[in-house]
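Undergrad: Sending over data.txt (compact mmCIF, C-alpha atoms and all ligand atoms).
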# COMPACT_ATOMS: atom_id res chain seq x y z
CA MET A 3 -79.53 20.86 160.44
CA ILE A 4 -83.30 20.64 160.68
CA PRO A 5 -83.78 16.89 161.16
CA MET A 6 -86.45 14.68 159.51
CA VAL A 7 -87.73 13.73 162.97
CA ASN A 8 -86.80 15.03 166.40
CA LEU A 9 -87.05 12.24 168.94
CA LYS A 10 -84.91 14.06 171.50
CA LYS A 11 -87.35 16.95 171.54
CA GLN A 12 -90.27 14.54 171.84
CA LEU A 13 -88.58 12.93 174.83
CA GLU A 14 -88.36 16.24 176.75
CA GLU A 15 -92.07 16.15 177.58
CA ILE A 16 -92.37 12.44 178.29
CA ARG A 17 -88.96 11.50 179.74
CA GLY A 18 -90.25 11.21 183.34
CA GLU A 19 -93.20 9.01 182.39
CA ILE A 20 -91.13 6.76 180.15
CA LEU A 21 -88.40 6.27 182.73
CA SER A 22 -90.86 5.54 185.52
CA GLY A 23 -92.74 3.05 183.29
CA MET A 24 -89.46 1.33 182.53
CA ALA A 25 -88.41 1.37 186.17
CA GLU A 26 -91.69 -0.39 187.02
CA VAL A 27 -90.77 -3.14 184.57
CA VAL A 28 -87.26 -3.49 185.95
CA GLU A 29 -88.56 -3.65 189.53
CA SER A 30 -91.33 -6.12 188.64
CA GLY A 31 -88.92 -8.85 187.62
CA GLN A 32 -91.46 -9.78 184.92
CA TYR A 33 -89.60 -9.09 181.72
CA VAL A 34 -91.28 -11.12 178.97
CA LEU A 35 -95.02 -10.95 178.19
CA GLY A 36 -95.86 -9.20 181.42
CA LYS A 37 -98.33 -6.54 182.48
CA LYS A 38 -97.11 -3.77 180.19
CA VAL A 39 -97.49 -5.81 177.00
CA ASP A 40 -100.91 -6.93 178.17
CA GLU A 41 -102.02 -3.37 178.90
CA PHE A 42 -100.55 -2.05 175.66
CA GLU A 43 -102.34 -4.73 173.62
CA HIS A 44 -105.64 -3.82 175.25
CA ARG A 45 -105.23 -0.11 174.78
CA ALA A 46 -104.00 -0.44 171.19
CA ALA A 47 -106.93 -2.73 170.29
CA GLU A 48 -109.32 -0.24 171.83
CA TYR A 49 -107.77 2.73 170.03
CA LEU A 50 -107.67 0.96 166.67
CA ASP A 51 -111.11 -0.56 167.19
CA ALA A 52 -109.70 -4.02 166.48
CA LYS A 53 -110.98 -7.10 168.30
CA HIS A 54 -107.44 -8.38 168.94
CA ALA A 55 -104.01 -6.76 169.07
CA ILE A 56 -100.93 -8.92 169.53
CA GLY A 57 -97.52 -7.42 170.31
CA VAL A 58 -94.60 -8.85 168.35
CA ALA A 59 -90.90 -8.10 167.95
CA SER A 60 -91.04 -5.89 164.82
CA GLY A 61 -93.17 -4.75 161.91
CA THR A 62 -91.45 -7.28 159.69
CA ASP A 63 -92.39 -10.08 162.09
CA ALA A 64 -95.94 -8.70 162.27
CA LEU A 65 -96.25 -9.14 158.49
CA TYR A 66 -94.67 -12.58 158.51
CA LEU A 67 -96.73 -13.90 161.42
CA ALA A 68 -99.96 -12.47 159.98
CA LEU A 69 -99.31 -14.18 156.62
CA LYS A 70 -98.50 -17.41 158.41
CA ALA A 71 -101.54 -17.23 160.71
CA LEU A 72 -103.77 -16.60 157.68
CA ASP A 73 -102.40 -19.80 156.18
CA ILE A 74 -100.52 -18.28 153.26
CA LYS A 75 -98.19 -21.02 152.09
CA ALA A 76 -95.12 -21.58 149.93
CA GLY A 77 -95.99 -21.06 146.26
CA ASP A 78 -99.06 -18.91 146.97
CA GLU A 79 -99.12 -15.54 145.23
CA VAL A 80 -99.46 -12.35 147.26
CA ILE A 81 -100.12 -9.11 145.40
CA THR A 82 -98.30 -6.07 146.77
CA THR A 83 -96.72 -2.81 145.71
CA PRO A 84 -93.31 -2.12 144.18
CA PHE A 85 -93.11 1.20 146.06
CA THR A 86 -92.55 0.25 149.68
CA PHE A 87 -89.88 -0.53 152.23
CA PHE A 88 -88.08 -3.80 151.49
CA ALA A 89 -89.54 -5.57 154.56
CA THR A 90 -93.02 -5.83 152.99
CA VAL A 91 -91.64 -8.18 150.37
CA GLU A 92 -89.14 -9.88 152.67
CA ALA A 93 -92.03 -11.10 154.83
CA ILE A 94 -93.80 -12.64 151.81
CA LEU A 95 -90.58 -14.33 150.75
CA TYR A 96 -89.89 -15.73 154.24
CA ILE A 97 -93.14 -17.66 153.83
CA GLY A 98 -91.91 -19.02 150.50
CA ALA A 99 -94.85 -17.23 148.84
CA VAL A 100 -94.42 -15.25 145.62
CA PRO A 101 -94.67 -11.45 145.75
CA VAL A 102 -96.59 -10.33 142.67
CA LEU A 103 -96.24 -6.60 142.17
CA ALA A 104 -98.89 -4.18 140.94
CA ASP A 105 -97.95 -0.60 140.02
CA ILE A 106 -98.96 2.40 142.09
CA ASP A 107 -101.38 5.26 141.72
CA PRO A 108 -99.23 8.34 140.93
CA VAL A 109 -101.18 10.65 143.25
CA THR A 110 -101.22 8.59 146.43
CA PHE A 111 -98.17 6.35 145.81
CA ASN A 112 -100.39 3.47 146.97
CA MET A 113 -101.23 0.27 145.12
CA ASP A 114 -103.57 0.91 142.19
CA PRO A 115 -106.48 -1.53 142.67
CA GLU A 116 -107.14 -1.69 138.92
CA LYS A 117 -103.58 -2.83 138.32
CA ALA A 118 -103.84 -5.26 141.23
CA ALA A 119 -106.96 -6.76 139.64
CA ARG A 120 -104.98 -7.52 136.47
CA ARG A 121 -102.39 -9.46 138.48
CA ILE A 122 -104.85 -11.94 140.01
CA THR A 123 -104.31 -15.55 138.96
CA LYS A 124 -105.48 -18.94 140.18
CA LYS A 125 -102.57 -18.94 142.64
CA THR A 126 -103.38 -15.59 144.24
CA ARG A 127 -104.25 -15.97 147.92
CA ALA A 128 -103.81 -12.51 149.37
CA ILE A 129 -103.46 -8.80 148.69
CA LEU A 130 -101.03 -6.82 150.79
CA PRO A 131 -101.58 -3.07 150.42
CA VAL A 132 -99.19 -0.67 152.17
CA HIS A 133 -100.57 2.59 153.57
CA ILE A 134 -97.48 4.34 152.36
CA PHE A 135 -96.37 7.57 154.06
CA GLY A 136 -99.44 7.33 156.32
CA HIS A 137 -101.99 7.71 153.46
CA PRO A 138 -104.57 4.93 153.55
CA ALA A 139 -104.68 2.76 150.45
CA ASP A 140 -107.94 2.39 148.53
CA MET A 141 -109.32 -0.30 150.83
CA GLY A 142 -112.81 -0.06 149.38
CA ARG A 143 -111.74 -1.32 145.97
CA ILE A 144 -109.11 -3.68 147.36
CA GLY A 145 -111.73 -5.19 149.68
CA GLY A 146 -114.05 -5.56 146.69
CA LEU A 147 -111.40 -7.55 144.81
CA ALA A 148 -110.72 -9.71 147.86
CA LYS A 149 -114.41 -10.53 148.18
CA GLU A 150 -114.82 -11.31 144.50
CA TYR A 151 -111.80 -13.64 144.36
CA GLY A 152 -111.81 -15.01 147.92
CA LEU A 153 -108.50 -13.40 148.91
CA LYS A 154 -107.12 -12.44 152.31
CA VAL A 155 -106.22 -8.79 152.88
CA ILE A 156 -103.16 -8.01 154.99
CA GLU A 157 -102.62 -4.31 155.62
CA ASP A 158 -99.07 -3.04 156.03
CA CYS A 159 -99.78 -0.28 158.55
CA ALA A 160 -96.14 0.26 159.52
CA GLN A 161 -96.40 3.94 158.57
CA ALA A 162 -100.05 4.50 159.38
CA PHE A 163 -100.87 4.17 163.09
CA GLY A 164 -104.07 6.19 163.52
CA ALA A 165 -104.87 6.69 159.82
CA SER A 166 -108.48 5.97 158.86
CA ILE A 167 -110.99 5.71 156.03
CA ASN A 168 -114.47 7.03 156.74
CA GLY A 169 -113.56 6.92 160.43
CA LYS A 170 -112.42 3.29 160.38
CA LYS A 171 -108.81 2.87 161.43
CA THR A 172 -106.34 1.17 159.12
CA GLY A 173 -105.45 -2.22 160.54
CA ALA A 174 -109.09 -2.89 161.42
CA ILE A 175 -110.27 -3.03 157.79
CA GLY A 176 -108.60 -6.10 156.27
CA ASP A 177 -108.09 -9.58 157.71
CA ALA A 178 -104.96 -8.43 159.52
CA GLY A 179 -103.14 -5.17 160.20
CA CYS A 180 -99.38 -5.09 160.72
CA PHE A 181 -97.74 -2.22 162.60
CA SER A 182 -94.12 -1.26 163.22
CA PHE A 183 -92.91 0.63 166.27
CA TYR A 184 -89.50 1.40 164.81
CA PRO A 185 -88.49 4.58 166.69
CA SER A 186 -89.16 7.05 163.86
CA LYS A 187 -92.68 5.76 163.16
CA ASN A 188 -95.73 7.86 164.14
CA LEU A 189 -96.02 5.61 167.19
CA GLY A 190 -92.41 4.65 167.84
CA GLY A 191 -90.73 2.72 170.63
CA ILE A 192 -87.22 3.18 171.93
CA GLY A 193 -86.13 0.17 169.92
CA ASP A 194 -87.87 -2.38 167.70
CA GLY A 195 -91.44 -3.56 168.15
CA GLY A 196 -94.55 -4.46 166.19
CA LEU A 197 -98.23 -5.35 166.44
CA VAL A 198 -100.71 -7.53 164.58
CA THR A 199 -104.40 -6.61 164.68
CA VAL A 200 -107.10 -9.08 163.69
CA GLN A 201 -110.86 -9.37 164.07
CA ASP A 202 -111.09 -13.14 163.92
CA ASP A 203 -110.59 -15.09 167.20
CA GLU A 204 -108.96 -18.11 165.59
CA THR A 205 -106.42 -16.07 163.61
CA ALA A 206 -105.60 -14.06 166.73
CA ALA A 207 -104.96 -17.26 168.68
CA ARG A 208 -102.64 -18.47 165.92
CA VAL A 209 -100.60 -15.24 165.96
CA ARG A 210 -100.34 -15.47 169.77
CA ILE A 211 -99.10 -19.03 169.57
CA LEU A 212 -96.71 -18.38 166.67
CA ARG A 213 -95.01 -15.45 168.42
CA ASN A 214 -94.28 -17.66 171.43
CA HIS A 215 -92.65 -20.86 170.16
CA GLY A 216 -95.96 -22.34 169.04
CA SER A 217 -97.12 -22.57 172.63
CA ARG A 218 -99.96 -21.26 174.79
CA GLY A 219 -97.73 -22.01 177.78
CA GLY A 220 -97.01 -25.03 179.96
CA TYR A 221 -94.28 -26.33 177.60
CA MET A 222 -96.86 -27.83 175.26
CA HIS A 223 -96.14 -26.83 171.64
CA GLU A 224 -98.94 -27.02 169.06
CA ALA A 225 -96.94 -25.60 166.19
CA LEU A 226 -93.45 -24.64 165.17
CA GLY A 227 -93.36 -21.05 166.23
CA TYR A 228 -90.87 -18.23 166.75
CA ASN A 229 -89.51 -16.07 169.48
CA SER A 230 -91.17 -12.81 168.45
CA ARG A 231 -92.64 -11.09 171.47
CA LEU A 232 -93.06 -7.38 172.03
CA ASP A 233 -90.59 -6.46 174.75
CA GLU A 234 -91.97 -5.33 178.14
CA LEU A 235 -89.72 -2.26 178.18
CA GLN A 236 -90.91 -1.27 174.70
CA ALA A 237 -94.52 -1.71 175.80
CA ALA A 238 -93.85 0.61 178.77
CA ALA A 239 -92.57 3.33 176.42
CA LEU A 240 -95.30 2.73 173.84
CA LEU A 241 -98.04 3.12 176.48
CA VAL A 242 -96.78 6.63 177.20
CA LYS A 243 -96.80 7.59 173.52
CA LEU A 244 -100.09 5.84 172.68
CA LYS A 245 -101.84 8.23 175.09
CA ARG A 246 -100.61 11.10 172.93
CA ILE A 247 -100.96 9.61 169.47
CA GLU A 248 -104.05 11.67 168.55
CA ASP A 249 -102.18 14.85 169.42
CA TYR A 250 -99.01 13.72 167.61
CA ASN A 251 -100.95 12.85 164.46
CA ALA A 252 -103.01 16.08 164.60
CA LYS A 253 -99.74 18.04 164.74
CA ARG A 254 -98.38 16.15 161.72
CA ARG A 255 -101.56 16.97 159.81
CA HIS A 256 -101.22 20.61 160.76
CA LYS A 257 -97.59 20.72 159.51
CA ALA A 258 -98.67 19.01 156.29
CA ALA A 259 -101.39 21.62 155.78
CA LEU A 260 -98.82 24.39 156.22
CA TYR A 261 -96.49 22.83 153.63
CA THR A 262 -99.44 22.39 151.28
CA LYS A 263 -100.57 26.00 151.64
CA ILE A 264 -97.16 27.44 150.85
CA LEU A 265 -96.17 24.97 148.15
CA SER A 266 -99.38 24.92 146.14
CA GLY A 267 -98.79 26.73 142.89
CA SER A 268 -95.05 25.98 143.02
CA ARG A 269 -93.28 23.57 140.72
CA SER A 270 -93.29 20.89 143.35
CA ILE A 271 -96.09 18.48 142.84
CA LEU A 272 -97.98 17.86 146.02
CA CYS A 273 -99.63 14.58 146.64
CA PRO A 274 -102.81 15.28 148.53
CA PRO A 275 -104.67 12.50 150.24
CA PRO A 276 -107.27 11.07 147.88
CA GLY A 277 -110.91 11.83 148.34
CA GLY A 278 -114.19 11.91 146.49
CA ASP A 279 -116.89 9.30 146.00
CA GLY A 280 -118.01 10.01 149.56
CA VAL A 281 -114.80 8.47 150.90
CA SER A 282 -112.87 10.38 153.51
CA TYR A 283 -109.20 9.42 153.81
CA HIS A 284 -107.49 10.53 157.00
CA SER A 285 -103.73 10.52 156.46
CA VAL A 286 -101.33 10.66 159.40
CA PHE A 287 -98.44 12.01 157.30
CA HIS A 288 -95.70 9.67 158.39
CA GLN A 289 -93.90 11.47 155.59
CA PHE A 290 -94.63 14.66 153.70
CA THR A 291 -93.49 13.71 150.22
CA ILE A 292 -93.37 15.95 147.17
CA ARG A 293 -92.35 15.27 143.60
CA HIS A 294 -89.96 17.63 141.91
CA PRO A 295 -88.68 17.66 138.33
CA HIS A 296 -85.17 18.50 139.58
CA ARG A 297 -85.27 16.50 142.76
CA ASP A 298 -81.53 15.98 143.23
CA ASN A 299 -80.72 19.70 142.71
CA LEU A 300 -83.43 20.65 145.14
CA ARG A 301 -82.13 18.18 147.71
CA GLN A 302 -78.64 19.65 147.36
CA LYS A 303 -79.96 23.19 147.88
CA LEU A 304 -81.87 22.13 150.97
CA GLN A 305 -78.78 20.41 152.32
CA GLU A 306 -76.74 23.59 151.86
CA ALA A 307 -79.43 25.52 153.71
CA GLY A 308 -79.26 23.12 156.67
CA ILE A 309 -82.46 21.23 155.85
CA SER A 310 -82.57 17.44 155.90
CA SER A 311 -84.59 15.53 153.32
CA MET A 312 -84.81 11.87 152.36
CA ILE A 313 -85.63 9.85 149.29
CA TYR A 314 -88.22 7.23 150.18
CA TYR A 315 -87.58 5.15 148.09
CA PRO A 316 -84.76 5.53 145.58
CA ILE A 317 -85.02 1.98 144.22
CA PRO A 318 -88.38 0.30 143.65
CA ILE A 319 -88.77 -3.26 144.89
CA HIS A 320 -88.51 -4.88 141.44
CA MET A 321 -85.14 -3.18 140.85
CA GLN A 322 -83.57 -4.28 144.14
CA PRO A 323 -80.46 -6.40 143.54
CA ALA A 324 -81.60 -9.00 146.09
CA LEU A 325 -84.81 -9.57 144.13
CA HIS A 326 -83.45 -10.06 140.62
CA PHE A 327 -84.49 -13.68 140.87
CA LEU A 328 -88.15 -12.60 140.72
CA GLY A 329 -87.54 -11.86 137.05
CA TYR A 330 -88.78 -8.28 136.88
CA LYS A 331 -87.02 -5.66 134.77
CA GLU A 332 -86.82 -1.90 134.38
CA GLY A 333 -89.97 -0.59 132.73
CA ASP A 334 -92.28 -3.12 134.39
CA PHE A 335 -93.74 -0.61 136.84
CA PRO A 336 -93.36 2.86 135.27
CA GLU A 337 -95.22 4.77 137.99
CA ALA A 338 -93.10 3.30 140.79
CA GLU A 339 -89.95 3.98 138.75
CA LYS A 340 -91.00 7.58 138.06
CA ALA A 341 -91.81 8.11 141.73
CA ALA A 342 -88.38 6.78 142.70
CA ARG A 343 -86.80 9.41 140.41
CA GLU A 344 -88.92 12.34 141.60
CA VAL A 345 -89.89 11.97 145.24
CA LEU A 346 -88.46 13.90 148.13
CA SER A 347 -89.65 13.58 151.72
CA LEU A 348 -89.36 16.71 153.85
CA PRO A 349 -88.93 17.06 157.61
CA ILE A 350 -92.22 16.36 159.37
CA CYS A 351 -92.88 15.41 162.97
CA PRO A 352 -95.06 16.74 165.79
CA GLU A 353 -92.11 18.68 167.21
CA ILE A 354 -90.99 20.66 164.16
CA ALA A 355 -91.72 24.39 164.58
CA ASP A 356 -94.29 25.95 162.25
CA SER A 357 -91.69 28.59 161.43
CA ASP A 358 -89.28 25.87 160.24
CA VAL A 359 -91.97 24.33 158.02
CA GLU A 360 -92.71 27.78 156.59
CA MET A 361 -89.02 28.43 155.98
CA ILE A 362 -88.49 25.05 154.26
CA ALA A 363 -91.58 25.47 152.09
CA ALA A 364 -90.56 29.01 151.13
CA LYS A 365 -87.08 27.80 150.20
CA ILE A 366 -88.58 25.12 147.96
CA ALA A 367 -91.08 27.53 146.38
CA GLU A 368 -88.32 30.07 145.62
CA SER A 369 -86.06 27.43 144.06
CA ASN A 370 -88.44 26.95 141.14
C1 LIG A 401 -93.92 -0.04 154.92
C2 LIG A 401 -93.11 -0.78 155.95
N1 LIG A 401 -93.31 -2.11 156.11
C3 LIG A 401 -92.63 -2.81 157.03
C4 LIG A 401 -91.70 -2.20 157.84
C5 LIG A 401 -90.90 -3.06 158.78
O1 LIG A 401 -91.02 -2.70 160.11
P1 LIG A 401 -89.82 -3.03 161.13
O2 LIG A 401 -88.69 -2.13 160.82
O3 LIG A 401 -90.45 -2.71 162.47
O4 LIG A 401 -89.50 -4.46 161.01
C6 LIG A 401 -91.47 -0.81 157.71
C7 LIG A 401 -90.53 -0.04 158.55
O5 LIG A 401 -89.48 -0.24 158.93
C8 LIG A 401 -92.18 -0.10 156.73
O6 LIG A 401 -91.99 1.22 156.57
How does the structure come out when it is put into structure tokens?
TA:
Amino acid sequence: MIPMVNLKKQLEEIRGEILSGMAEVVESGQYVLGKKVDEFEHRAAEYLDAKHAIGVASGTDALYLALKALDIKAGDEVITTPFTFFATVEAILYIGAVPVLADIDPVTFNMDPEKAARRITKKTRAILPVHIFGHPADMGRIGGLAKEYGLKVIEDCAQAFGASINGKKTGAIGDAGCFSFYPSKNLGGIGDGGLVTVQDDETAARVRILRNHGSRGGYMHEALGYNSRLDELQAAALLVKLKRIEDYNAKRRHKAALYTKILSGSRSILCPPPGGDGVSYHSVFHQFTIRHPHRDNLRQKLQEAGISSMIYYPIPIHMQPALHFLGYKEGDFPEAEKAAREVLSLPICPEIADSDVEMIAAKIAESN
């Protein structure tokens, strides 16, 4: 089978460096919040052009701690998208805040700012766009709304490490950026990990305290916090991959361009990164996702030909059984529902051979 991602192949080139970085940690005897986390935070902040970067235990925790540090409270409304991974909404609910959904733009799969604007009420405190599949959301218009209504902007950058808008990296645009280092992400660890980026010193200090039992150290606790620290061993592995992230993302973009070239004109509907109005969106193609009128048939054919594919996401957030209590129903977000019926994500990663991409695209084009 051609896999969606090929982490074993990625490891071939970096195995030595990763193992020696991890050996350094083991030998150091400094296993929690040591030198590797410190170095990774500095390098990640530099790369993302963020003033602060704080390593945490996962992308979900990054979202939760960012919301908490920005003082989002129980009962506050947070506008987000119905077309995302469940964790985006879990984090809002952990706070006791109310996730208010706004339908997506059918081309980018990202939150439609016009629809978000219609969901603003007196209780709205924040907007939480997700740069889904590595395509940056329309941060210009979302930022405009935030300014007009005095809202915080928390970016879910779990799928978008290295993406940018007009050269500005996602995660350094809103009040906070939340990254996941789940192994299959563009920048992935060898286990769980996450990062919060912020520009504001006070918010950064709050995230740092919250991730470490509400303490700056010395067994003095200023707040009720959590145990949510990025692991030293993960930081060692992430440092090795961070050095290569530009190359990894460039390769993903190249594979996406190949798919696009072969599939344009076919029955599959491609979802190009948005552009125009002098705005340049730089996607990092965490996924290469097409729409197809006969998605399930196509998926079956690919499977028979030894090609993996995935449906991200088959059930929109408002239709998830765990979230029935939010009171949404089928038909509330037609674009997200249509996307859930039509989308198919194809294998994409820096390691996939061009010839495999060409073969997969040709197979899809011929199945029209
Ligand atoms: C959009 C999105 N948000 C949040 C998360 C949660 O990240 P994690 O799995 O590191 O907790 C993920 C990925 O898993 C994600 O894809």
Undergrad: Give one line per residue of region 333-361 of chain A that approaches region 310-322 of chain A to at most 6 Å, naming the two atoms of the closest pair and their distance in Å to one decimal, counting only C-alpha atoms; sort by chain then ascending residue number and deliver it as CSV.
TA:
residue,atom,partner,partner_atom,distance
A:Ala342,CA,A:Pro316,CA,4.8
A:Leu346,CA,A:Ile313,CA,5.1
A:Ser347,CA,A:Met312,CA,5.2
A:Leu348,CA,A:Ser311,CA,4.9
Undergrad: With the cut-off set at 12 Å and counting all atoms listed in the file, tabulate each residue of region 156-195 of chain A with an atom at most that distance from an atom of region 205-223 of chain A, showing the nearest atom pair and its distance in Å to one decimal, ordered by chain and increasing number, as a Markdown table.
TA:
| residue | atom | partner | partner_atom | distance |
| --- | --- | --- | --- | --- |
| A:Asp177 | CA | A:Thr205 | CA | 8.9 |
| A:Ala178 | CA | A:Thr205 | CA | 8.8 |
| A:Gly179 | CA | A:Ala206 | CA | 11.3 |
| A:Cys180 | CA | A:Val209 | CA | 11.5 |
Undergrad: Given the choices A:Ser30, A:Ser166, A:Thr82, A:Thr199, which gets closest to ligand LIG 401 (chain A) if the distance is worked out from all atoms listed in the file?
TA: A:Thr82
Undergrad: So which one's closest to ligand LIG 401 (chain A), A:Ala324, A:Ile97, A:Ile144, A:Leu67? Using all atoms listed in the file, please.
TA: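 Distance minimum relative to ligand LIG 401 (chain A) lands on A:Leu67.
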Undergrad: Could you please extract the residues within 7 Å of ligand LIG 401 (chain A), counting only C-alpha atoms and all ligand atoms, and hand them back as a list of chain:residue names?
TA: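 Checking only C-alpha atoms and all ligand atoms against ligand LIG 401 (chain A) at 7 Å gives A:Ser60, A:Gly61, A:Thr62, A:Asp63, A:Thr86, A:Phe87, A:Ala89, A:Thr90, A:Val132, A:Ile134, A:Asp158, A:Cys159, A:Ala160, A:Gln161, A:Ser182, A:Phe183, A:Tyr184, A:Asp194, A:Gly195, A:Gly196.
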Undergrad: Under the rule that all atoms listed in the file are counted, which of A:Glu116, A:Glu29, A:Asp78, A:Glu204 is the nearest residue to Gly98 (chain A)?
TA: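 So, comparing all the options, the nearest one is A:Asp78.
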Undergrad: What lies within 10 Å of Leu69 (chain A) using only C-alpha atoms, ignoring chain neighbours under 3 positions off, as a list in words?
TA: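 The contact residues come out as Asp63, Ala64, Leu65, Tyr66, Leu72, Asp73, Ile74, Lys75, Val80, Ala93, Ile94, Tyr96, Ile97, Ala99, Ala128, Leu130, Lys154, Val155, Ile156, Asp177, Ala178, Cys180 and Val209 of chain A.
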Undergrad: Restricting the output to C-alpha atoms, write the selected residues as a PDB file, in the frame of the given file.
TA:
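Listing of result.pdb after writing:
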ATOM      1  CA  ASP A  63     -92.390 -10.080 162.090  1.00  0.00           C
ATOM      2  CA  ALA A  64     -95.940  -8.700 162.270  1.00  0.00           C
ATOM      3  CA  LEU A  65     -96.250  -9.140 158.490  1.00  0.00           C
ATOM      4  CA  TYR A  66     -94.670 -12.580 158.510  1.00  0.00           C
ATOM      5  CA  LEU A  72    -103.770 -16.600 157.680  1.00  0.00           C
ATOM      6  CA  ASP A  73    -102.400 -19.800 156.180  1.00  0.00           C
ATOM      7  CA  ILE A  74    -100.520 -18.280 153.260  1.00  0.00           C
ATOM      8  CA  LYS A  75     -98.190 -21.020 152.090  1.00  0.00           C
ATOM      9  CA  VAL A  80     -99.460 -12.350 147.260  1.00  0.00           C
ATOM     10  CA  ALA A  93     -92.030 -11.100 154.830  1.00  0.00           C
ATOM     11  CA  ILE A  94     -93.800 -12.640 151.810  1.00  0.00           C
ATOM     12  CA  TYR A  96     -89.890 -15.730 154.240  1.00  0.00           C
ATOM     13  CA  ILE A  97     -93.140 -17.660 153.830  1.00  0.00           C
ATOM     14  CA  ALA A  99     -94.850 -17.230 148.840  1.00  0.00           C
ATOM     15  CA  ALA A 128    -103.810 -12.510 149.370  1.00  0.00           C
ATOM     16  CA  LEU A 130    -101.030  -6.820 150.790  1.00  0.00           C
ATOM     17  CA  LYS A 154    -107.120 -12.440 152.310  1.00  0.00           C
ATOM     18  CA  VAL A 155    -106.220  -8.790 152.880  1.00  0.00           C
ATOM     19  CA  ILE A 156    -103.160  -8.010 154.990  1.00  0.00           C
ATOM     20  CA  ASP A 177    -108.090  -9.580 157.710  1.00  0.00           C
ATOM     21  CA  ALA A 178    -104.960  -8.430 159.520  1.00  0.00           C
ATOM     22  CA  CYS A 180     -99.380  -5.090 160.720  1.00  0.00           C
ATOM     23  CA  VAL A 209    -100.600 -15.240 165.960  1.00  0.00           C
TER      24      VAL A 209
END
Undergrad: Considering only C-alpha atoms, can you say which of A:Arg120, A:Ala68, A:Tyr228, A:Ala139 comes closest to Ile167 (chain A)?
TA: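 Looking only at the distances to Ile167 (chain A), the closest residue turns out to be A:Ala139.
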Undergrad: Provide the CA of Gly190 (chain A) to CA of Asp356 (chain A) distance in Å, to one decimal place.
TA: 22.1 Å
Undergrad: Excluding region 258-275 of chain A and any residue of its chain fewer than 5 positions from it, enumerate the residues within 9 Å of it, using all atoms listed in the file, and give them as a PyMOL selection string.
TA: chain A and resi 108-111+137-138+253+283-285+287+289-295+350+356+359-360+362-364+366-370
